[in-house]
>>> print(open('my_file38.cif').read())   # mmCIF, C-alpha atoms and all ligand atoms
data_run
loop_
_atom_site.group_PDB
_atom_site.id
_atom_site.type_symbol
_atom_site.label_atom_id
_atom_site.label_comp_id
_atom_site.auth_asym_id
_atom_site.auth_seq_id
_atom_site.Cartn_x
_atom_site.Cartn_y
_atom_site.Cartn_z
ATOM 1 C CA MET A 1 4.600 8.399 6.701
ATOM 2 C CA SER A 2 2.417 6.164 4.587
ATOM 3 C CA GLU A 3 0.094 3.814 6.361
ATOM 4 C CA GLN A 4 0.521 0.101 5.806
ATOM 5 C CA PRO A 5 -2.528 -2.063 5.194
ATOM 6 C CA ALA A 6 -3.414 -4.680 7.813
ATOM 7 C CA ILE A 7 -2.221 -8.220 7.187
ATOM 8 C CA GLY A 8 -5.344 -10.042 6.034
ATOM 9 C CA GLY A 9 -3.699 -13.443 5.921
ATOM 10 C CA ARG A 10 -0.327 -15.148 5.635
ATOM 11 C CA THR A 11 -0.884 -17.291 2.571
ATOM 12 C CA PRO A 12 -2.468 -16.572 -0.809
ATOM 13 C CA LEU A 13 -5.983 -17.815 -1.547
ATOM 14 C CA PRO A 14 -6.653 -19.764 -4.728
ATOM 15 C CA VAL A 15 -9.820 -18.717 -6.563
ATOM 16 C CA GLU A 16 -11.299 -20.118 -9.777
ATOM 17 C CA VAL A 17 -12.061 -16.909 -11.678
ATOM 18 C CA THR A 18 -14.266 -16.593 -14.750
ATOM 19 C CA ALA A 19 -13.114 -14.743 -17.885
ATOM 20 C CA GLY A 20 -14.538 -11.217 -18.046
ATOM 21 C CA GLU A 21 -15.905 -11.302 -14.495
ATOM 22 C CA GLU A 22 -15.091 -8.525 -12.060
ATOM 23 C CA TYR A 23 -13.699 -9.152 -8.575
ATOM 24 C CA TRP A 24 -12.995 -6.598 -5.842
ATOM 25 C CA TRP A 25 -9.804 -7.353 -3.961
ATOM 26 C CA CYS A 26 -9.478 -6.142 -0.353
ATOM 27 C CA ALA A 27 -6.553 -3.688 -0.190
ATOM 28 C CA CYS A 28 -6.907 -2.597 3.449
ATOM 29 C CA GLY A 29 -6.464 -6.093 4.913
ATOM 30 C CA ARG A 30 -9.476 -5.755 7.238
ATOM 31 C CA SER A 31 -12.068 -7.667 5.269
ATOM 32 C CA LYS A 32 -13.460 -10.803 6.918
ATOM 33 C CA ASN A 33 -14.129 -12.140 3.426
ATOM 34 C CA GLN A 34 -10.499 -12.423 2.216
ATOM 35 C CA PRO A 35 -9.304 -11.958 -0.414
ATOM 36 C CA PHE A 36 -12.343 -9.865 -1.319
ATOM 37 C CA CYS A 37 -13.757 -6.587 -0.061
ATOM 38 C CA ASP A 38 -16.521 -6.615 2.564
ATOM 39 C CA GLY A 39 -16.683 -2.844 3.091
ATOM 40 C CA SER A 40 -14.337 -2.817 6.105
ATOM 41 C CA HIS A 41 -12.042 -0.244 4.429
ATOM 42 C CA GLU A 42 -14.557 2.474 5.334
ATOM 43 C CA GLY A 43 -12.580 5.317 6.896
ATOM 44 C CA THR A 44 -9.138 3.713 6.420
ATOM 45 C CA GLY A 45 -8.146 5.630 3.289
ATOM 46 C CA PHE A 46 -7.777 2.350 1.365
ATOM 47 C CA GLU A 47 -10.013 1.384 -1.525
ATOM 48 C CA PRO A 48 -10.607 -2.099 -2.936
ATOM 49 C CA MET A 49 -8.933 -2.925 -6.247
ATOM 50 C CA GLN A 50 -10.908 -4.121 -9.232
ATOM 51 C CA PHE A 51 -9.676 -7.281 -10.954
ATOM 52 C CA VAL A 52 -11.233 -8.370 -14.250
ATOM 53 C CA ALA A 53 -10.270 -11.939 -15.052
ATOM 54 C CA PRO A 54 -8.512 -12.101 -18.418
ATOM 55 C CA GLU A 55 -9.341 -15.795 -18.685
ATOM 56 C CA SER A 56 -11.058 -18.536 -16.727
ATOM 57 C CA LYS A 57 -8.477 -20.138 -14.504
ATOM 58 C CA ARG A 58 -7.246 -20.482 -10.935
ATOM 59 C CA VAL A 59 -5.397 -17.446 -9.602
ATOM 60 C CA PHE A 60 -3.800 -16.855 -6.218
ATOM 61 C CA PHE A 61 -4.977 -13.645 -4.575
ATOM 62 C CA CYS A 62 -2.694 -11.992 -2.031
ATOM 63 C CA THR A 63 -4.085 -11.799 1.506
ATOM 64 C CA CYS A 64 -1.028 -10.327 3.266
ATOM 65 C CA LYS A 65 -1.391 -7.055 1.273
ATOM 66 C CA ARG A 66 2.374 -6.794 0.812
ATOM 67 C CA THR A 67 2.499 -8.048 -2.778
ATOM 68 C CA LYS A 68 4.022 -5.834 -5.456
ATOM 69 C CA THR A 69 1.795 -7.429 -8.107
ATOM 70 C CA MET A 70 -1.608 -6.535 -6.651
ATOM 71 C CA PRO A 71 -3.989 -8.181 -6.403
ATOM 72 C CA LEU A 72 -2.093 -11.415 -6.995
ATOM 73 C CA CYS A 73 0.474 -13.061 -4.734
ATOM 74 C CA ASP A 74 4.139 -12.493 -5.584
ATOM 75 C CA GLY A 75 5.596 -14.466 -2.688
ATOM 76 C CA SER A 76 6.073 -11.414 -0.434
ATOM 77 C CA HIS A 77 4.126 -13.171 2.365
ATOM 78 C CA LYS A 78 7.266 -15.243 2.962
ATOM 79 C CA GLU A 79 9.013 -12.073 4.170
ATOM 80 C CA LEU A 80 6.411 -11.223 6.824
ATOM 81 C CA PRO A 81 7.686 -10.831 10.375
ATOM 82 C CA ALA A 82 6.744 -13.901 12.422
ATOM 83 C CA SER A 83 4.315 -12.259 14.849
ATOM 84 C CA ASP A 84 3.257 -9.041 13.109
ATOM 85 C CA SER A 85 -0.505 -8.709 12.838
HETATM 86 S S1 LIG B 101 -0.222 -13.577 0.174
HETATM 87 FE FE1 LIG B 101 0.608 -11.574 -0.096
HETATM 88 S S2 LIG B 101 2.335 -11.875 -1.359
HETATM 89 FE FE2 LIG B 101 1.556 -13.885 -1.054
#
>>> encode(input="my_file38.cif", output="structure tokens")
Amino acid sequence: MSEQPAIGGRTPLPVEVTAGEEYWWCACGRSKNQPFCDGSHEGTGFEPMQFVAPESKRVFFCTCKRTKTMPLCDGSHKELPASDS
């Protein structure tokens, strides 16, 4: 049985990223600094995912951790159960 990450949020977060800059996306869903890692994955078996911005623009990072196009939102948050946490 594979463990699911926690739901870090229910909507994506827009971030103005800078070309060539590195961002660390929270994969465990526990970070208090969504959508980015704050070290809360310690001991969960999850590791943050590196994202290097290919260009300077606004991107929408997934916070629900159910996206299939990590670390960016693919609309999967719309399928979340209403009261799952
Ligand atoms: S916030 Fe996770 S898929 Fe949209």
>>> axis_aligned_box(input="my_file38.cif", around="segment 4-12 of chain A", padding_each_side="8 Å", output="JSON")
{"center_x": -2.4, "center_y": -8.6, "center_z": 3.5, "size_x": 21.9, "size_y": 33.4, "size_z": 24.6}
>>> resolve_selection(input="my_file38.cif", expression="the PyMOL selection byres (((chain A and resi 40) around 9) and not hetatm)", output="compact mmCIF listing (two decimals) with C-alpha atoms, in the coordinates of the input")
# COMPACT_ATOMS: atom_id res chain seq x y z
CA CYS A 26 -9.48 -6.14 -0.35
CA CYS A 28 -6.91 -2.60 3.45
CA GLY A 29 -6.46 -6.09 4.91
CA ARG A 30 -9.48 -5.76 7.24
CA SER A 31 -12.07 -7.67 5.27
CA LYS A 32 -13.46 -10.80 6.92
CA CYS A 37 -13.76 -6.59 -0.06
CA ASP A 38 -16.52 -6.62 2.56
CA GLY A 39 -16.68 -2.84 3.09
CA HIS A 41 -12.04 -0.24 4.43
CA GLU A 42 -14.56 2.47 5.33
CA GLY A 43 -12.58 5.32 6.90
CA THR A 44 -9.14 3.71 6.42
>>> residues_around(input="my_file38.cif", residues="Ser83 of chain A", least_positions_apart="3", cutoff="12 Å", atoms="all atoms listed in the file", output="list of chain:residue names")
A:Ile7, A:Arg10, A:Glu79, A:Leu80
>>> closest_atom_pairs(input="my_file38.cif", of="chain A", to="ligand LIG 101 (chain B)", cutoff="12 Å", atoms="all atoms listed in the file", output="Markdown table")
| residue | atom | partner | partner_atom | distance |
| --- | --- | --- | --- | --- |
| A:Pro5 | CA | B:LIG101 | FE1 | 11.3 |
| A:Ala6 | CA | B:LIG101 | FE1 | 11.2 |
| A:Ile7 | CA | B:LIG101 | FE1 | 8.5 |
| A:Gly8 | CA | B:LIG101 | S1 | 8.5 |
| A:Gly9 | CA | B:LIG101 | S1 | 6.7 |
| A:Arg10 | CA | B:LIG101 | S1 | 5.7 |
| A:Thr11 | CA | B:LIG101 | S1 | 4.5 |
| A:Pro12 | CA | B:LIG101 | S1 | 3.9 |
| A:Leu13 | CA | B:LIG101 | S1 | 7.4 |
| A:Pro14 | CA | B:LIG101 | S1 | 10.2 |
| A:Trp25 | CA | B:LIG101 | FE1 | 11.9 |
| A:Cys26 | CA | B:LIG101 | FE1 | 11.5 |
| A:Ala27 | CA | B:LIG101 | FE1 | 10.7 |
| A:Gly29 | CA | B:LIG101 | FE1 | 10.3 |
| A:Gln34 | CA | B:LIG101 | S1 | 10.5 |
| A:Pro35 | CA | B:LIG101 | S1 | 9.2 |
| A:Val59 | CA | B:LIG101 | FE2 | 11.6 |
| A:Phe60 | CA | B:LIG101 | FE2 | 8.0 |
| A:Phe61 | CA | B:LIG101 | S1 | 6.7 |
| A:Cys62 | CA | B:LIG101 | S1 | 3.7 |
| A:Thr63 | CA | B:LIG101 | S1 | 4.5 |
| A:Cys64 | CA | B:LIG101 | FE1 | 3.9 |
| A:Lys65 | CA | B:LIG101 | FE1 | 5.1 |
| A:Arg66 | CA | B:LIG101 | FE1 | 5.2 |
| A:Thr67 | CA | B:LIG101 | S2 | 4.1 |
| A:Lys68 | CA | B:LIG101 | S2 | 7.5 |
| A:Thr69 | CA | B:LIG101 | S2 | 8.1 |
| A:Met70 | CA | B:LIG101 | S2 | 8.5 |
| A:Pro71 | CA | B:LIG101 | FE1 | 8.5 |
| A:Leu72 | CA | B:LIG101 | S2 | 7.2 |
| A:Cys73 | CA | B:LIG101 | FE2 | 3.9 |
| A:Asp74 | CA | B:LIG101 | S2 | 4.6 |
| A:Gly75 | CA | B:LIG101 | S2 | 4.4 |
| A:Ser76 | CA | B:LIG101 | S2 | 3.9 |
| A:His77 | CA | B:LIG101 | S2 | 4.3 |
| A:Lys78 | CA | B:LIG101 | FE2 | 7.1 |
| A:Glu79 | CA | B:LIG101 | S2 | 8.7 |
| A:Leu80 | CA | B:LIG101 | FE1 | 9.0 |
>>> atom_distance(input="my_file38.cif", atom1="atom CA of Pro81 of chain A", atom2="atom CA of Phe51 of chain A")
27.7 Å
>>> atom_distance(input="my_file38.cif", atom1="atom CA of Ala82 of chain A", atom2="atom CA of Phe36 of chain A")
23.9 Å
>>> residues_near_point(input="my_file38.cif", point="(-10.9, -6.3, -13.9)", cutoff="9 Å", atoms="all atoms listed in the file", output="PyMOL selection string")
chain A and resi 20-24+49-54
>>> closest_residue(input="my_file38.cif", among="A:Gly45, A:Lys57, A:Val15, A:Asn33", to="Glu3 of chain A", atoms="only C-alpha atoms")
A:Gly45
